[in-house]
Amino acid sequence: MSMRFVIIGNGIAGVTAALTLREREPKAEITMVSGETDYFFSRTALMYAYMDQIPRRNLEPYERKVYDTQQIRRVRDWVESIDAAAREVRLRSGGTLPYDALLIATGSVPRVPDWPGLADAKSGVVHFVSMQDLDACEQSTPSTQRAVVVGGGLIGIELVECLRHHGVEVTFLVREPWYWPAALNREEAEIVTAHMKDHGVDIRLGEEVAEVFSEAGRVSGVATKAGERIDCQMLGISIGVVPAIHWLKESEVPLGRGIIVDPAFRTTVPNVFSAGDCAEIHRDGKKPLVEQIWYSAKRQGRLAALSMLGDMIDYSPPVFFNSSKFFEIEFTTVGEVPRAESDARSHFFALRQKNTCVRILERDGAVTGFNMLGSRWNHNILERWILEKRSFDFATAHLGEAQFDVEFGRAELPAMGGKR
């Protein structure tokens, strides 16, 4: 009898797992369940659909026929519970799906604050994580003159950029002393903040929401902790995400911050695995790990599938990297920036081109991290230098080799003296 694999979630972790399973098991029954969409889409590209730069169909990396040719069954439904004894999942529609091995890859959901008055605002309050969030944003935008966006990370600035594209006035509330200190040092943050202001963004640093106001069920404004009222017709909440595990509270699946798994992505429930944003990986002697980033979810999805097939998997995260854009400013980060150990030395260089800089960290004579703004970089080369424990002098001498030759996007690199 063919193996029956069920995957809850059709995000990057889930679809990567499904395709990996099919590579190895041509006759297995593979079912993906999702209540969000019929087909896998690139969540990181939501903003381009919101700005009308690409149609929603183009958010889908794979042609729709791929699922049929790969014989991957898709079920559009929400999973309500798991019956581990019967080895089946129960759907909101009332049906069930039997499994021999189950992968939970439900990703993340927006973190929701407990601000007074928020629950009364039934419309105009948006997030920017799911396809349903995109629906809500598009519905509210035409009747919005001013929006308030809260949360100083990548999702927040993406939402801000989309709203500015549509001509909406935006006040951006960031509670930290500078924008995104989890990823940027002060010098880089100041460049990004000035760039946002150039785009007409009213950014308020060190400010938080104290209360939310609404009229006739729609958000009408917020009060800040400084005592100011800011009127708005849309409130974007982008204060982070949490693993989507709320539906498992009464189950046997072990929960912490996420679904607790070992380095092979196995839970303590037989034949139940988890990967991606919702997984919390416990490794001997290490702090529990939740990686809520697209690249990590893709990697975990593949390895979890191999574990489901019986391969020996012992996951350890590779050198961290991420890339994005702050409006037009390219951003690449690799390694320990800025959450480096106190004994790391940080070298910052502002380059000649506007909004362009390089930060390199080193410890014990070897580079440990890179933060790059304003040019496009090959993270594979920077990662290799970290793994090879290359010296700071080597990295600066060879830095041009890590740049991509993008038209009008290659920053001129001067001699990098003046360490600090």
# chains A, B, ... in the order shown; residues from 1 in each chain; ligands from 1
$ select_by_dssp --residues "segment 253-338 of chain A" --states "strand (DSSP E or B)" --output "list in words"
Leu255, Ile259, Ile260, Val261, Arg266, Val272, Phe273, Ser274, Ala279, Glu280, Ile281, Leu289, Phe321, Asn322, Ser323, Ser324, Lys325, Phe326, Ile329, Glu330, Phe331, Thr332, Thr333, Val334 and Gly335 of chain A
$ residues_around --residues "Asp135 of chain A" --least-positions-apart "5" --cutoff "12 Å" --atoms "only C-alpha atoms" --output "mmCIF file with N, CA and C atoms, in the first residue's frame"
data_model
loop_
_atom_site.group_PDB
_atom_site.id
_atom_site.type_symbol
_atom_site.label_atom_id
_atom_site.label_comp_id
_atom_site.auth_asym_id
_atom_site.auth_seq_id
_atom_site.Cartn_x
_atom_site.Cartn_y
_atom_site.Cartn_z
ATOM 1 N N GLU A 36 -6.140 29.134 3.188
ATOM 2 C CA GLU A 36 -5.814 30.498 2.742
ATOM 3 C C GLU A 36 -5.980 30.671 1.241
ATOM 4 N N LEU A 46 3.826 39.887 -1.851
ATOM 5 C CA LEU A 46 2.497 40.464 -1.665
ATOM 6 C C LEU A 46 2.465 41.949 -1.980
ATOM 7 N N MET A 47 3.527 42.665 -1.598
ATOM 8 C CA MET A 47 3.526 44.115 -1.780
ATOM 9 C C MET A 47 3.440 44.506 -3.250
ATOM 10 N N ALA A 49 1.802 42.927 -5.599
ATOM 11 C CA ALA A 49 0.402 42.832 -6.010
ATOM 12 C C ALA A 49 -0.386 44.017 -5.473
ATOM 13 N N TYR A 50 -0.105 44.407 -4.242
ATOM 14 C CA TYR A 50 -0.807 45.543 -3.636
ATOM 15 C C TYR A 50 -0.526 46.832 -4.411
ATOM 16 N N ARG A 56 -2.202 39.012 -9.243
ATOM 17 C CA ARG A 56 -2.107 37.986 -8.198
ATOM 18 C C ARG A 56 -1.657 36.631 -8.750
ATOM 19 N N GLY A 124 -10.951 48.543 8.688
ATOM 20 C CA GLY A 124 -9.863 49.516 8.592
ATOM 21 C C GLY A 124 -8.612 49.106 9.325
ATOM 22 N N VAL A 125 -8.687 48.053 10.127
ATOM 23 C CA VAL A 125 -7.505 47.521 10.809
ATOM 24 C C VAL A 125 -6.951 46.381 9.958
ATOM 25 N N VAL A 126 -5.693 46.508 9.540
ATOM 26 C CA VAL A 126 -5.130 45.534 8.606
ATOM 27 C C VAL A 126 -3.786 45.013 9.101
ATOM 28 N N HIS A 127 -3.443 43.828 8.606
ATOM 29 C CA HIS A 127 -2.113 43.252 8.742
ATOM 30 C C HIS A 127 -1.590 43.038 7.322
ATOM 31 N N PHE A 128 -0.406 42.435 7.201
ATOM 32 C CA PHE A 128 0.131 42.256 5.844
ATOM 33 C C PHE A 128 0.953 40.975 5.762
ATOM 34 N N VAL A 129 0.269 39.856 6.051
ATOM 35 C CA VAL A 129 0.933 38.559 6.061
ATOM 36 C C VAL A 129 0.268 37.581 5.098
ATOM 37 N N SER A 130 -1.059 37.574 5.055
ATOM 38 C CA SER A 130 -1.791 36.558 4.294
ATOM 39 C C SER A 130 -2.472 37.159 3.070
ATOM 40 N N SER A 140 -9.855 48.646 1.844
ATOM 41 C CA SER A 140 -9.873 49.890 2.619
ATOM 42 C C SER A 140 -9.138 51.043 1.950
ATOM 43 N N THR A 141 -8.209 50.754 1.049
ATOM 44 C CA THR A 141 -7.340 51.802 0.496
ATOM 45 C C THR A 141 -8.101 52.922 -0.217
#
$ residues_around --residues "Val219 of chain A" --least-positions-apart "3" --cutoff "8 Å" --atoms "only C-alpha atoms" --output "list in words"
Ala121, Lys122, Ser123, Gly124, Val125, Val212, Phe213, Ser214, Glu215, Cys232, Gln233, Met234 and Leu235 of chain A
$ residues_around --residues "segment 318-331 of chain A" --least-positions-apart "5" --cutoff "6 Å" --atoms "only C-alpha atoms" --output "CSV table (one decimal) with N, CA, C and O atoms, in the first residue's frame"
chain,number,residue,atom,x,y,z
A,372,MET,N,24.9,45.4,4.4
A,372,MET,CA,25.1,46.2,3.2
A,372,MET,C,23.9,46.9,2.8
A,372,MET,O,22.8,46.3,2.6
A,373,LEU,N,24.0,48.2,2.5
A,373,LEU,CA,22.9,49.0,2.0
A,373,LEU,C,23.3,49.6,0.7
A,373,LEU,O,24.5,50.1,0.5
A,374,GLY,N,22.4,49.7,-0.2
A,374,GLY,CA,22.5,50.5,-1.4
A,374,GLY,C,23.1,49.9,-2.6
A,374,GLY,O,23.2,50.5,-3.7
A,375,SER,N,23.5,48.6,-2.5
A,375,SER,CA,24.1,47.9,-3.6
A,375,SER,C,23.7,46.4,-3.5
A,375,SER,O,23.2,46.0,-2.4
$ closest_residue --among "A:Asp83, A:Glu280, A:Glu207, A:Glu362" --to "Thr267 of chain A" --atoms "only C-alpha atoms"
A:Glu280
$ closest_residue --among "A:Arg257, A:Asp231, A:Leu303, A:Ala84" --to "Gln145 of chain A" --atoms "only C-alpha atoms"
A:Asp231
$ closest_residue --among "A:Asp77, A:Asp198, A:Asp68, A:Glu383" --to "Thr96 of chain A" --atoms "only C-alpha atoms"
A:Asp77
$ residues_around --residues "segment 183-191 of chain A" --least-positions-apart "6" --cutoff "12 Å" --atoms "only C-alpha atoms" --output "PyMOL selection string"
chain A and resi 152-154+174+176-177+197-198+203+205+320-324+326-340+346-351+353-361+369-374
$ residues_around --residues "Thr268 of chain A" --least-positions-apart "2" --cutoff "7 Å" --atoms "only C-alpha atoms" --output "short mmCIF file (atom, residue, chain, number, x, y, z; two decimals) with all heavy atoms, in the first residue's frame"
data_model
loop_
_atom_site.label_atom_id
_atom_site.label_comp_id
_atom_site.auth_asym_id
_atom_site.auth_seq_id
_atom_site.Cartn_x
_atom_site.Cartn_y
_atom_site.Cartn_z
N PRO A 254 3.23 18.77 21.22
CA PRO A 254 3.89 19.60 22.23
C PRO A 254 4.13 21.03 21.73
O PRO A 254 4.61 21.22 20.61
CB PRO A 254 5.21 18.88 22.47
CG PRO A 254 5.49 18.17 21.17
CD PRO A 254 4.14 17.76 20.65
N ARG A 266 10.87 16.06 14.14
CA ARG A 266 9.87 15.16 14.70
C ARG A 266 9.31 15.73 15.99
O ARG A 266 10.06 16.24 16.83
CB ARG A 266 10.51 13.79 15.00
CG ARG A 266 11.04 13.06 13.79
CD ARG A 266 11.81 11.82 14.20
NE ARG A 266 12.98 12.16 15.01
CZ ARG A 266 14.09 11.44 15.06
NH1 ARG A 266 14.19 10.33 14.35
NH2 ARG A 266 15.10 11.81 15.84
N PRO A 270 3.94 10.29 17.54
CA PRO A 270 4.44 9.44 16.46
C PRO A 270 3.92 9.88 15.09
O PRO A 270 2.74 10.20 14.92
CB PRO A 270 3.90 8.05 16.82
CG PRO A 270 3.73 8.09 18.30
CD PRO A 270 3.30 9.49 18.62
#
$ closest_residue --among "A:Trp115, A:Phe394, A:Tyr48, A:Phe41" --to "Leu163 of chain A" --atoms "only C-alpha atoms"
A:Tyr48
$ residues_around --residues "segment 69-73 of chain A" --least-positions-apart "2" --cutoff "12 Å" --atoms "only C-alpha atoms" --output "PDB file with C-alpha atoms, in the first residue's frame"
ATOM      1  CA  ARG A   4      -0.091   8.607   2.678  1.00  0.00           C
ATOM      2  CA  PHE A   5       1.519  11.975   3.416  1.00  0.00           C
ATOM      3  CA  VAL A   6      -0.579  14.933   4.588  1.00  0.00           C
ATOM      4  CA  ILE A   7       0.879  18.446   4.770  1.00  0.00           C
ATOM      5  CA  ILE A   8      -1.021  21.162   6.618  1.00  0.00           C
ATOM      6  CA  ASN A  10       0.812  25.286   1.405  1.00  0.00           C
ATOM      7  CA  GLY A  14       4.786  22.879   2.800  1.00  0.00           C
ATOM      8  CA  VAL A  15       5.176  22.993  -0.968  1.00  0.00           C
ATOM      9  CA  THR A  16       8.922  22.295  -0.756  1.00  0.00           C
ATOM     10  CA  ALA A  17       8.177  19.273   1.415  1.00  0.00           C
ATOM     11  CA  ALA A  18       5.534  18.028  -1.025  1.00  0.00           C
ATOM     12  CA  LEU A  19       7.846  18.277  -4.032  1.00  0.00           C
ATOM     13  CA  THR A  20      10.693  16.632  -2.110  1.00  0.00           C
ATOM     14  CA  LEU A  21       8.435  13.739  -1.123  1.00  0.00           C
ATOM     15  CA  ARG A  22       7.381  13.273  -4.713  1.00  0.00           C
ATOM     16  CA  GLU A  23      10.992  13.134  -5.911  1.00  0.00           C
ATOM     17  CA  ARG A  24      11.621  10.137  -3.701  1.00  0.00           C
ATOM     18  CA  GLU A  25       8.218   8.457  -3.598  1.00  0.00           C
ATOM     19  CA  PRO A  26       6.620   8.446  -7.074  1.00  0.00           C
ATOM     20  CA  LYS A  27       3.631   6.349  -5.911  1.00  0.00           C
ATOM     21  CA  ALA A  28       2.908   7.982  -2.548  1.00  0.00           C
ATOM     22  CA  GLU A  29      -0.352   9.813  -1.857  1.00  0.00           C
ATOM     23  CA  ILE A  30       0.517  13.454  -1.087  1.00  0.00           C
ATOM     24  CA  THR A  31      -2.131  15.912   0.095  1.00  0.00           C
ATOM     25  CA  MET A  32      -1.648  19.592   0.952  1.00  0.00           C
ATOM     26  CA  VAL A  33      -4.345  21.354   2.976  1.00  0.00           C
ATOM     27  CA  SER A  34      -4.761  25.126   3.172  1.00  0.00           C
ATOM     28  CA  ASP A  38      -5.794  27.150  -3.593  1.00  0.00           C
ATOM     29  CA  TYR A  39      -2.189  27.438  -4.750  1.00  0.00           C
ATOM     30  CA  TYR A  62       4.794  27.294 -10.109  1.00  0.00           C
ATOM     31  CA  GLU A  63       2.463  26.751 -13.023  1.00  0.00           C
ATOM     32  CA  ARG A  64      -0.810  25.358 -11.730  1.00  0.00           C
ATOM     33  CA  LYS A  65      -0.468  22.225 -13.808  1.00  0.00           C
ATOM     34  CA  VAL A  66       2.572  21.263 -11.722  1.00  0.00           C
ATOM     35  CA  TYR A  67       0.344  19.978  -8.920  1.00  0.00           C
ATOM     36  CA  VAL A  75      -7.582  20.550  -0.384  1.00  0.00           C
ATOM     37  CA  ARG A  76      -8.955  24.046   0.261  1.00  0.00           C
ATOM     38  CA  LEU A  97      -7.832  12.995   5.905  1.00  0.00           C
TER      39      LEU A  97
END
$ closest_residue --among "A:Ala13, A:Ala223, A:Val89, A:Val112" --to "Glu291 of chain A" --atoms "only C-alpha atoms"
A:Ala13
